[in-house]
$ cat target.pdb   # PDB, C-alpha atoms
ATOM      1  CA  MET A  10      84.547 126.201 107.954
ATOM      2  CA  THR A  11      87.809 124.474 107.020
ATOM      3  CA  PRO A  12      88.859 121.911 109.657
ATOM      4  CA  ALA A  13      92.170 122.450 111.407
ATOM      5  CA  PRO A  14      95.048 120.335 110.029
ATOM      6  CA  GLN A  15      95.903 117.229 111.995
ATOM      7  CA  ARG A  16      98.957 117.689 114.219
ATOM      8  CA  ILE A  17     101.868 115.242 114.136
ATOM      9  CA  LEU A  18     104.730 115.110 116.640
ATOM     10  CA  ILE A  19     107.932 113.801 115.022
ATOM     11  CA  VAL A  20     110.444 112.447 117.541
ATOM     12  CA  GLU A  21     113.810 111.744 115.935
ATOM     13  CA  ASP A  22     117.342 112.480 117.186
ATOM     14  CA  ASP A  23     118.857 112.491 113.680
ATOM     15  CA  GLU A  24     118.398 116.072 112.485
ATOM     16  CA  ASP A  25     118.470 115.214 108.777
ATOM     17  CA  ILE A  26     115.782 112.529 109.129
ATOM     18  CA  ARG A  27     113.746 114.761 111.451
ATOM     19  CA  ASN A  28     113.792 117.595 108.933
ATOM     20  CA  LEU A  29     113.010 115.196 106.079
ATOM     21  CA  PHE A  30     109.927 113.776 107.806
ATOM     22  CA  THR A  31     108.795 117.215 108.968
ATOM     23  CA  GLY A  32     109.122 118.814 105.539
ATOM     24  CA  HIS A  33     107.432 115.924 103.744
ATOM     25  CA  LEU A  34     104.458 115.649 106.110
ATOM     26  CA  CYS A  35     103.965 119.417 106.110
ATOM     27  CA  THR A  36     103.625 119.304 102.326
ATOM     28  CA  GLU A  37     100.981 116.595 102.847
ATOM     29  CA  GLY A  38      98.878 119.110 104.779
ATOM     30  CA  TYR A  39      99.704 118.145 108.360
ATOM     31  CA  GLU A  40     100.816 120.515 111.084
ATOM     32  CA  CYS A  41     104.166 119.176 112.280
ATOM     33  CA  VAL A  42     105.984 119.576 115.587
ATOM     34  CA  ALA A  43     109.510 118.183 115.995
ATOM     35  CA  ALA A  44     111.414 116.870 119.020
ATOM     36  CA  ALA A  45     114.954 115.504 119.265
ATOM     37  CA  SER A  46     114.603 113.514 122.509
ATOM     38  CA  ILE A  47     112.133 111.860 124.867
ATOM     39  CA  ALA A  48     112.243 114.893 127.175
ATOM     40  CA  ASP A  49     111.506 117.298 124.318
ATOM     41  CA  ALA A  50     108.628 115.089 123.163
ATOM     42  CA  LEU A  51     107.052 114.960 126.612
ATOM     43  CA  ARG A  52     107.249 118.746 126.911
ATOM     44  CA  GLU A  53     105.397 119.060 123.618
ATOM     45  CA  LEU A  54     102.764 116.535 124.718
ATOM     46  CA  ASP A  55     102.242 118.479 127.948
ATOM     47  CA  ARG A  56     101.989 121.737 126.020
ATOM     48  CA  GLN A  57      99.542 120.753 123.267
ATOM     49  CA  SER A  58      97.442 117.884 121.970
ATOM     50  CA  VAL A  59      98.554 115.896 118.934
ATOM     51  CA  ASP A  60      96.775 113.477 116.645
ATOM     52  CA  LEU A  61      99.775 111.229 115.986
ATOM     53  CA  VAL A  62     103.332 110.631 117.196
ATOM     54  CA  LEU A  63     105.940 109.380 114.690
ATOM     55  CA  ALA A  64     108.947 108.241 116.712
ATOM     56  CA  ASP A  65     112.291 106.497 116.415
ATOM     57  CA  TYR A  66     113.145 103.622 118.787
ATOM     58  CA  ASN A  67     116.646 104.541 120.004
ATOM     59  CA  MET A  68     116.656 108.115 121.294
ATOM     60  CA  PRO A  69     118.351 110.233 123.970
ATOM     61  CA  GLY A  70     116.683 109.687 127.310
ATOM     62  CA  GLY A  71     114.967 106.391 126.497
ATOM     63  CA  ASN A  72     113.366 104.448 123.681
ATOM     64  CA  GLY A  73     110.209 104.495 121.632
ATOM     65  CA  ILE A  74     108.379 101.943 123.792
ATOM     66  CA  GLU A  75     108.940 104.101 126.867
ATOM     67  CA  LEU A  76     107.723 107.152 124.951
ATOM     68  CA  LEU A  77     104.583 105.269 123.892
ATOM     69  CA  TYR A  78     103.848 104.399 127.534
ATOM     70  CA  LEU A  79     104.421 107.973 128.725
ATOM     71  CA  MET A  80     102.380 109.372 125.840
ATOM     72  CA  ARG A  81      99.398 107.234 126.815
ATOM     73  CA  GLN A  82      99.486 108.801 130.297
ATOM     74  CA  ARG A  83      99.164 112.244 128.756
ATOM     75  CA  GLN A  84      97.127 111.758 125.582
ATOM     76  CA  LEU A  85      95.320 108.450 125.561
ATOM     77  CA  ASP A  86      93.848 108.634 122.085
ATOM     78  CA  ALA A  87      96.827 109.858 120.035
ATOM     79  CA  ALA A  88      97.977 107.451 117.320
ATOM     80  CA  PHE A  89     101.572 106.190 117.402
ATOM     81  CA  VAL A  90     103.842 104.991 114.584
ATOM     82  CA  MET A  91     107.399 103.777 115.160
ATOM     83  CA  ALA A  92     110.007 104.298 112.425
ATOM     84  CA  THR A  93     113.338 102.711 113.269
ATOM     85  CA  ALA A  94     116.420 100.951 111.942
ATOM     86  CA  THR A  95     116.107  98.405 114.770
ATOM     87  CA  HIS A  96     114.987  95.173 113.078
ATOM     88  CA  ASP A  97     113.957  93.190 116.151
ATOM     89  CA  VAL A  98     110.777  91.109 116.176
ATOM     90  CA  ARG A  99     110.482  91.327 119.954
ATOM     91  CA  ILE A 100     110.537  95.125 119.886
ATOM     92  CA  ALA A 101     108.022  95.158 117.037
ATOM     93  CA  VAL A 102     105.634  92.882 118.939
ATOM     94  CA  ASP A 103     106.068  94.963 122.095
ATOM     95  CA  ALA A 104     105.328  98.206 120.231
ATOM     96  CA  LEU A 105     102.276  96.844 118.439
ATOM     97  CA  THR A 106     100.767  95.180 121.508
ATOM     98  CA  GLN A 107     101.287  98.419 123.444
ATOM     99  CA  GLY A 108      99.121 100.191 120.889
ATOM    100  CA  ALA A 109     101.418 101.368 118.094
ATOM    101  CA  SER A 110      99.627 101.440 114.749
ATOM    102  CA  ASP A 111     102.681 100.477 112.699
ATOM    103  CA  TYR A 112     106.374  99.527 112.935
ATOM    104  CA  LEU A 113     108.327 100.902 109.976
ATOM    105  CA  LEU A 114     111.884  99.868 109.176
ATOM    106  CA  LYS A 115     114.484 102.342 107.932
ATOM    107  CA  PRO A 116     115.605 103.278 105.363
ATOM    108  CA  LEU A 117     112.113 104.446 104.488
ATOM    109  CA  GLU A 118     110.444 105.631 101.330
ATOM    110  CA  LEU A 119     108.477 108.778 102.094
ATOM    111  CA  ARG A 120     105.388 107.340 100.396
ATOM    112  CA  LYS A 121     105.405 104.521 102.951
ATOM    113  CA  VAL A 122     105.592 107.049 105.773
ATOM    114  CA  SER A 123     102.622 108.922 104.282
ATOM    115  CA  ALA A 124     100.610 105.719 103.864
ATOM    116  CA  SER A 125     101.300 104.603 107.423
ATOM    117  CA  VAL A 126     100.363 108.006 108.852
ATOM    118  CA  ARG A 127      97.124 108.103 106.863
ATOM    119  CA  ALA A 128      96.176 104.580 107.957
ATOM    120  CA  ALA A 129      96.909 105.323 111.623
ATOM    121  CA  LEU A 130      94.860 108.531 111.588
ATOM    122  CA  GLN A 131      92.005 106.802 109.769
ATOM    123  CA  LYS A 132      92.024 104.028 112.370
ATOM    124  CA  ARG A 133      91.964 106.672 115.118
ATOM    125  CA  ARG A 134      89.019 108.468 113.498
ATOM    126  CA  LEU A 135      87.042 105.235 113.136
ATOM    127  CA  GLU A 136      87.810 104.332 116.727
ATOM    128  CA  HIS A 137      86.468 107.693 117.873
ATOM    129  CA  GLU A 138      83.291 107.134 115.876
ATOM    130  CA  ARG A 139      82.882 103.632 117.267
ATOM    131  CA  LEU A 140      83.361 104.753 120.836
ATOM    132  CA  GLY A 141      80.947 107.594 120.272
ATOM    133  CA  GLN A 142      78.241 105.063 119.446
ATOM    134  CA  VAL A 143      78.739 103.014 122.577
ATOM    135  CA  GLY A 144      75.735 103.687 124.742
ATOM    136  CA  HIS A 145      76.509 102.034 128.074
ATOM    137  CA  LEU A 146      79.363 100.618 130.153
ATOM    138  CA  GLU A 147      78.871  96.938 129.321
ATOM    139  CA  ALA A 148      79.009  97.609 125.590
ATOM    140  CA  MET A 149      82.141  99.733 126.057
ATOM    141  CA  LEU A 150      83.927  97.043 128.063
ATOM    142  CA  ASP A 151      83.030  94.426 125.483
ATOM    143  CA  ALA A 152      84.323  96.650 122.677
ATOM    144  CA  VAL A 153      87.598  97.272 124.511
ATOM    145  CA  ALA A 154      88.087  93.529 125.098
ATOM    146  CA  HIS A 155      87.534  92.735 121.425
ATOM    147  CA  HIS A 156      89.778  95.598 120.369
ATOM    148  CA  ALA A 157      92.568  94.335 122.628
ATOM    149  CA  ALA A 158      92.262  90.832 121.173
ATOM    150  CA  ASP A 159      92.304  92.198 117.620
ATOM    151  CA  GLN A 160      95.344  94.365 118.391
ATOM    152  CA  THR A 161      97.231  91.408 119.835
ATOM    153  CA  LEU A 162      96.488  89.223 116.813
ATOM    154  CA  GLN A 163      97.390  92.025 114.387
ATOM    155  CA  ALA A 164     100.668  92.542 116.263
ATOM    156  CA  LEU A 165     101.438  88.820 116.118
ATOM    157  CA  ALA A 166     100.621  88.713 112.400
ATOM    158  CA  MET A 167     102.950  91.652 111.697
ATOM    159  CA  ALA A 168     105.665  89.985 113.765
ATOM    160  CA  LEU A 169     105.295  86.812 111.690
ATOM    161  CA  ASP A 170     105.702  88.839 108.502
ATOM    162  CA  LEU A 171     108.775  90.598 109.912
ATOM    163  CA  ARG A 172     110.140  87.195 110.869
ATOM    164  CA  ALA A 173     109.876  85.964 107.285
ATOM    165  CA  GLY A 174     111.455  89.168 105.981
ATOM    166  CA  ASP A 175     110.165  89.259 102.411
ATOM    167  CA  VAL A 176     106.422  88.766 102.840
ATOM    168  CA  TYR A 177     105.437  91.932 104.748
ATOM    169  CA  GLY A 178     101.639  92.183 104.943
ATOM    170  CA  HIS A 179     101.163  88.543 103.934
ATOM    171  CA  SER A 180      99.162  87.545 107.028
ATOM    172  CA  GLN A 181      96.816  90.526 106.700
ATOM    173  CA  ARG A 182      96.232  89.738 103.025
ATOM    174  CA  VAL A 183      95.458  86.093 103.795
ATOM    175  CA  GLY A 184      92.996  87.313 106.429
ATOM    176  CA  ARG A 185      91.257  89.700 104.032
ATOM    177  CA  TYR A 186      91.040  87.152 101.206
ATOM    178  CA  SER A 187      89.737  84.451 103.546
ATOM    179  CA  VAL A 188      87.004  86.697 104.903
ATOM    180  CA  GLU A 189      85.982  87.858 101.428
ATOM    181  CA  LEU A 190      85.681  84.278 100.185
ATOM    182  CA  ALA A 191      83.771  83.206 103.278
ATOM    183  CA  ARG A 192      81.405  86.172 102.943
ATOM    184  CA  HIS A 193      80.481  84.988  99.439
ATOM    185  CA  LEU A 194      79.885  81.521 100.897
ATOM    186  CA  GLY A 195      77.370  82.945 103.373
ATOM    187  CA  TYR A 196      79.315  82.875 106.651
ATOM    188  CA  ASP A 197      77.673  84.935 109.399
ATOM    189  CA  ARG A 198      79.517  87.759 111.179
ATOM    190  CA  PRO A 199      80.794  85.747 114.213
ATOM    191  CA  ALA A 200      82.139  83.043 111.896
ATOM    192  CA  LEU A 201      83.838  85.651 109.714
ATOM    193  CA  LYS A 202      85.573  87.117 112.754
ATOM    194  CA  ARG A 203      86.781  83.688 113.918
ATOM    195  CA  LEU A 204      88.051  82.922 110.423
ATOM    196  CA  GLU A 205      89.894  86.247 110.228
ATOM    197  CA  HIS A 206      91.616  85.572 113.557
ATOM    198  CA  ALA A 207      92.658  82.080 112.458
ATOM    199  CA  ALA A 208      93.957  83.315 109.096
ATOM    200  CA  LEU A 209      96.116  86.007 110.724
ATOM    201  CA  VAL A 210      98.123  83.382 112.616
ATOM    202  CA  HIS A 211      98.214  80.636 109.986
ATOM    203  CA  ASP A 212     102.032  80.948 109.834
ATOM    204  CA  ILE A 213     102.583  80.929 113.587
ATOM    205  CA  GLY A 214     104.965  77.963 113.347
ATOM    206  CA  LYS A 215     107.554  80.287 111.790
ATOM    207  CA  MET A 216     108.120  81.925 115.162
ATOM    208  CA  ARG A 217     110.022  78.835 116.368
ATOM    209  CA  ILE A 218     111.903  77.994 113.164
ATOM    210  CA  PRO A 219     115.597  79.011 113.356
ATOM    211  CA  ASP A 220     116.774  81.774 111.010
ATOM    212  CA  SER A 221     119.301  79.347 109.514
ATOM    213  CA  ILE A 222     116.362  77.377 108.113
ATOM    214  CA  LEU A 223     113.665  79.997 107.576
ATOM    215  CA  LEU A 224     115.914  82.566 105.872
ATOM    216  CA  LYS A 225     118.345  80.233 104.126
ATOM    217  CA  PRO A 226     118.919  81.594 100.570
ATOM    218  CA  ALA A 227     119.928  78.244  99.105
ATOM    219  CA  GLN A 228     118.040  74.963  99.044
ATOM    220  CA  LEU A 229     117.512  73.346 102.426
TER     221      LEU A 229
END
$ encode --input "target.pdb" --output "structure tokens"
Amino acid sequence: MTPAPQRILIVEDDEDIRNLFTGHLCTEGYECVAAASIADALRELDRQSVDLVLADYNMPGGNGIELLYLMRQRQLDAAFVMATATHDVRIAVDALTQGASDYLLKPLELRKVSASVRAALQKRRLEHERLGQVGHLEAMLDAVAHHAADQTLQALAMALDLRAGDVYGHSQRVGRYSVELARHLGYDRPALKRLEHAALVHDIGKMRIPDSILLKPAQL
């Protein structure tokens, strides 16, 4: 039996962008539902379950962070990706720490939208599998605590990359390379996890460096 296509709710007040995302993701095999405002999105969430919400930040009736909060009250396990022209590190950190899987900056290439959606849905599927293997309450609480810590560090790492502007994904790559090298050196699993966490925030000093210095195009 062929599985049902995954359902995506696209929340975007710009009709052209909404239609672009909807048409593209439909051709990728997803079932797409569109909404032009927070109110429309909430009605859809009350009416049917979705696997992922792809939302703008500035919208009629509120913003993407508010939608993420209200979505969690209705459908706790749906993935959430924000796609916005608002280049603000504070908003990005807020979205990611609240549980968004990604924070995409417009203008967007459709291949990046597809990649982000696939990654978010894959993360959701793996999370379902992981939770399905948890056998008792103590193990579940421990898993949630670790997941929250990982989410916070991933959000901070993405914020650092946004802060630098031209090195998006740098912190995650440093984390992956560090863990791979340490694995070959025989590090055990707890040590690998500590190393990954440290690598993700190796550039944390950039958060306090003024833009006039950090982003200066000429020599300092």
$ closest_residue --input "target.pdb" --among "A:Gln163, A:Asn67, A:Gln131, A:Asn28" --to "Ile100 in chain A" --atoms "all atoms listed in the file"
A:Asn67
$ residues_around --input "target.pdb" --residues "Ile74 in chain A" --least-positions-apart "6" --cutoff "8 Å" --atoms "all atoms listed in the file" --output "number ranges by chain"
A: 66, 103-104, 107
$ write_last_selection --input "target.pdb" --atoms "C-alpha atoms" --output "PDB file, in the coordinates of the input"
ATOM      1  CA  TYR A  66     113.145 103.622 118.787  1.00  0.00           C
ATOM      2  CA  ASP A 103     106.068  94.963 122.095  1.00  0.00           C
ATOM      3  CA  ALA A 104     105.328  98.206 120.231  1.00  0.00           C
ATOM      4  CA  GLN A 107     101.287  98.419 123.444  1.00  0.00           C
TER       5      GLN A 107
END
$ atom_distance --input "target.pdb" --atom1 "CA of Cys41 in chain A" --atom2 "CA of Glu24 in chain A"
14.6 Å
$ resolve_selection --input "target.pdb" --expression "the PyMOL selection byres ((chain A and resi 31-39) around 10)" --output "list of chain:residue names"
A:Ala13, A:Pro14, A:Gln15, A:Arg16, A:Ile17, A:Leu18, A:Ile19, A:Val20, A:Asp25, A:Ile26, A:Arg27, A:Asn28, A:Leu29, A:Phe30, A:Glu40, A:Cys41, A:Val42, A:Ala43, A:Asp60, A:Leu119, A:Arg120, A:Val122, A:Ser123, A:Val126
$ resolve_selection --input "target.pdb" --expression "the PyMOL selection byres ((chain A and resi 46) around 8)" --output "JSON, numbers by chain"
{"A": [20, 21, 22, 44, 45, 47, 48, 49, 50, 68, 69, 70]}
$ closest_residue --input "target.pdb" --among "A:Leu165, A:Ala208, A:Tyr196, A:Ile222" --to "Gly184 in chain A" --atoms "all atoms listed in the file"
A:Ala208
$ residues_around --input "target.pdb" --residues "range 93-99 of chain A" --least-positions-apart "2" --cutoff "12 Å" --atoms "all atoms listed in the file" --output "PyMOL selection string"
chain A and resi 20-23+26+63-68+72-74+90-91+101-106+111-117+122+164-174+216
$ residues_around --input "target.pdb" --residues "Leu54 in chain A" --least-positions-apart "4" --cutoff "8 Å" --atoms "all atoms listed in the file" --output "list in words"
Ala50, Ser58, Val59, Met80, Arg83 and Gln84 of chain A
$ resolve_selection --input "target.pdb" --expression "the PyMOL selection byres ((chain A and resi 209) around 8)" --output "MDAnalysis selection string"
chainID A and resid 162:163 166 180:181 183:184 205:208 210:212
$ atom_distance --input "target.pdb" --atom1 "CA of Gln160 in chain A" --atom2 "CA of Gly108 in chain A"
7.4 Å
$ atom_distance --input "target.pdb" --atom1 "CA of Ala109 in chain A" --atom2 "CA of Arg127 in chain A"
13.8 Å
$ decode --input "target.pdb" --residues "range 57-69 of chain A" --atoms "N, CA and C atoms" --output "PDB file, in the first residue's frame"
ATOM      1  N   GLN A  57      -7.330  19.867  10.261  1.00  0.00           N
ATOM      2  CA  GLN A  57      -6.614  18.670   9.833  1.00  0.00           C
ATOM      3  C   GLN A  57      -5.188  18.679  10.367  1.00  0.00           C
ATOM      4  N   SER A  58      -4.606  17.501  10.450  1.00  0.00           N
ATOM      5  CA  SER A  58      -3.221  17.389  10.914  1.00  0.00           C
ATOM      6  C   SER A  58      -2.277  17.656   9.760  1.00  0.00           C
ATOM      7  N   VAL A  59      -1.112  18.203  10.073  1.00  0.00           N
ATOM      8  CA  VAL A  59      -0.078  18.456   9.074  1.00  0.00           C
ATOM      9  C   VAL A  59       1.236  17.892   9.585  1.00  0.00           C
ATOM     10  N   ASP A  60       2.134  17.630   8.658  1.00  0.00           N
ATOM     11  CA  ASP A  60       3.457  17.131   9.030  1.00  0.00           C
ATOM     12  C   ASP A  60       4.450  18.268   9.221  1.00  0.00           C
ATOM     13  N   LEU A  61       4.228  19.377   8.508  1.00  0.00           N
ATOM     14  CA  LEU A  61       5.170  20.499   8.579  1.00  0.00           C
ATOM     15  C   LEU A  61       4.453  21.804   8.254  1.00  0.00           C
ATOM     16  N   VAL A  62       4.881  22.875   8.923  1.00  0.00           N
ATOM     17  CA  VAL A  62       4.402  24.225   8.628  1.00  0.00           C
ATOM     18  C   VAL A  62       5.580  25.036   8.108  1.00  0.00           C
ATOM     19  N   LEU A  63       5.413  25.637   6.932  1.00  0.00           N
ATOM     20  CA  LEU A  63       6.410  26.546   6.340  1.00  0.00           C
ATOM     21  C   LEU A  63       5.801  27.940   6.392  1.00  0.00           C
ATOM     22  N   ALA A  64       6.370  28.823   7.218  1.00  0.00           N
ATOM     23  CA  ALA A  64       5.712  30.097   7.494  1.00  0.00           C
ATOM     24  C   ALA A  64       6.647  31.286   7.380  1.00  0.00           C
ATOM     25  N   ASP A  65       6.072  32.405   6.968  1.00  0.00           N
ATOM     26  CA  ASP A  65       6.757  33.695   6.969  1.00  0.00           C
ATOM     27  C   ASP A  65       6.820  34.199   8.411  1.00  0.00           C
ATOM     28  N   TYR A  66       7.588  35.279   8.645  1.00  0.00           N
ATOM     29  CA  TYR A  66       7.614  35.879   9.989  1.00  0.00           C
ATOM     30  C   TYR A  66       6.559  36.973  10.126  1.00  0.00           C
ATOM     31  N   ASN A  67       6.596  37.981   9.249  1.00  0.00           N
ATOM     32  CA  ASN A  67       5.623  39.067   9.319  1.00  0.00           C
ATOM     33  C   ASN A  67       4.375  38.697   8.526  1.00  0.00           C
ATOM     34  N   MET A  68       3.245  38.585   9.234  1.00  0.00           N
ATOM     35  CA  MET A  68       1.997  38.185   8.599  1.00  0.00           C
ATOM     36  C   MET A  68       0.829  38.918   9.234  1.00  0.00           C
ATOM     37  N   PRO A  69      -0.299  39.018   8.523  1.00  0.00           N
ATOM     38  CA  PRO A  69      -1.498  39.606   9.130  1.00  0.00           C
ATOM     39  C   PRO A  69      -1.924  38.822  10.357  1.00  0.00           C
TER      40      PRO A  69
END
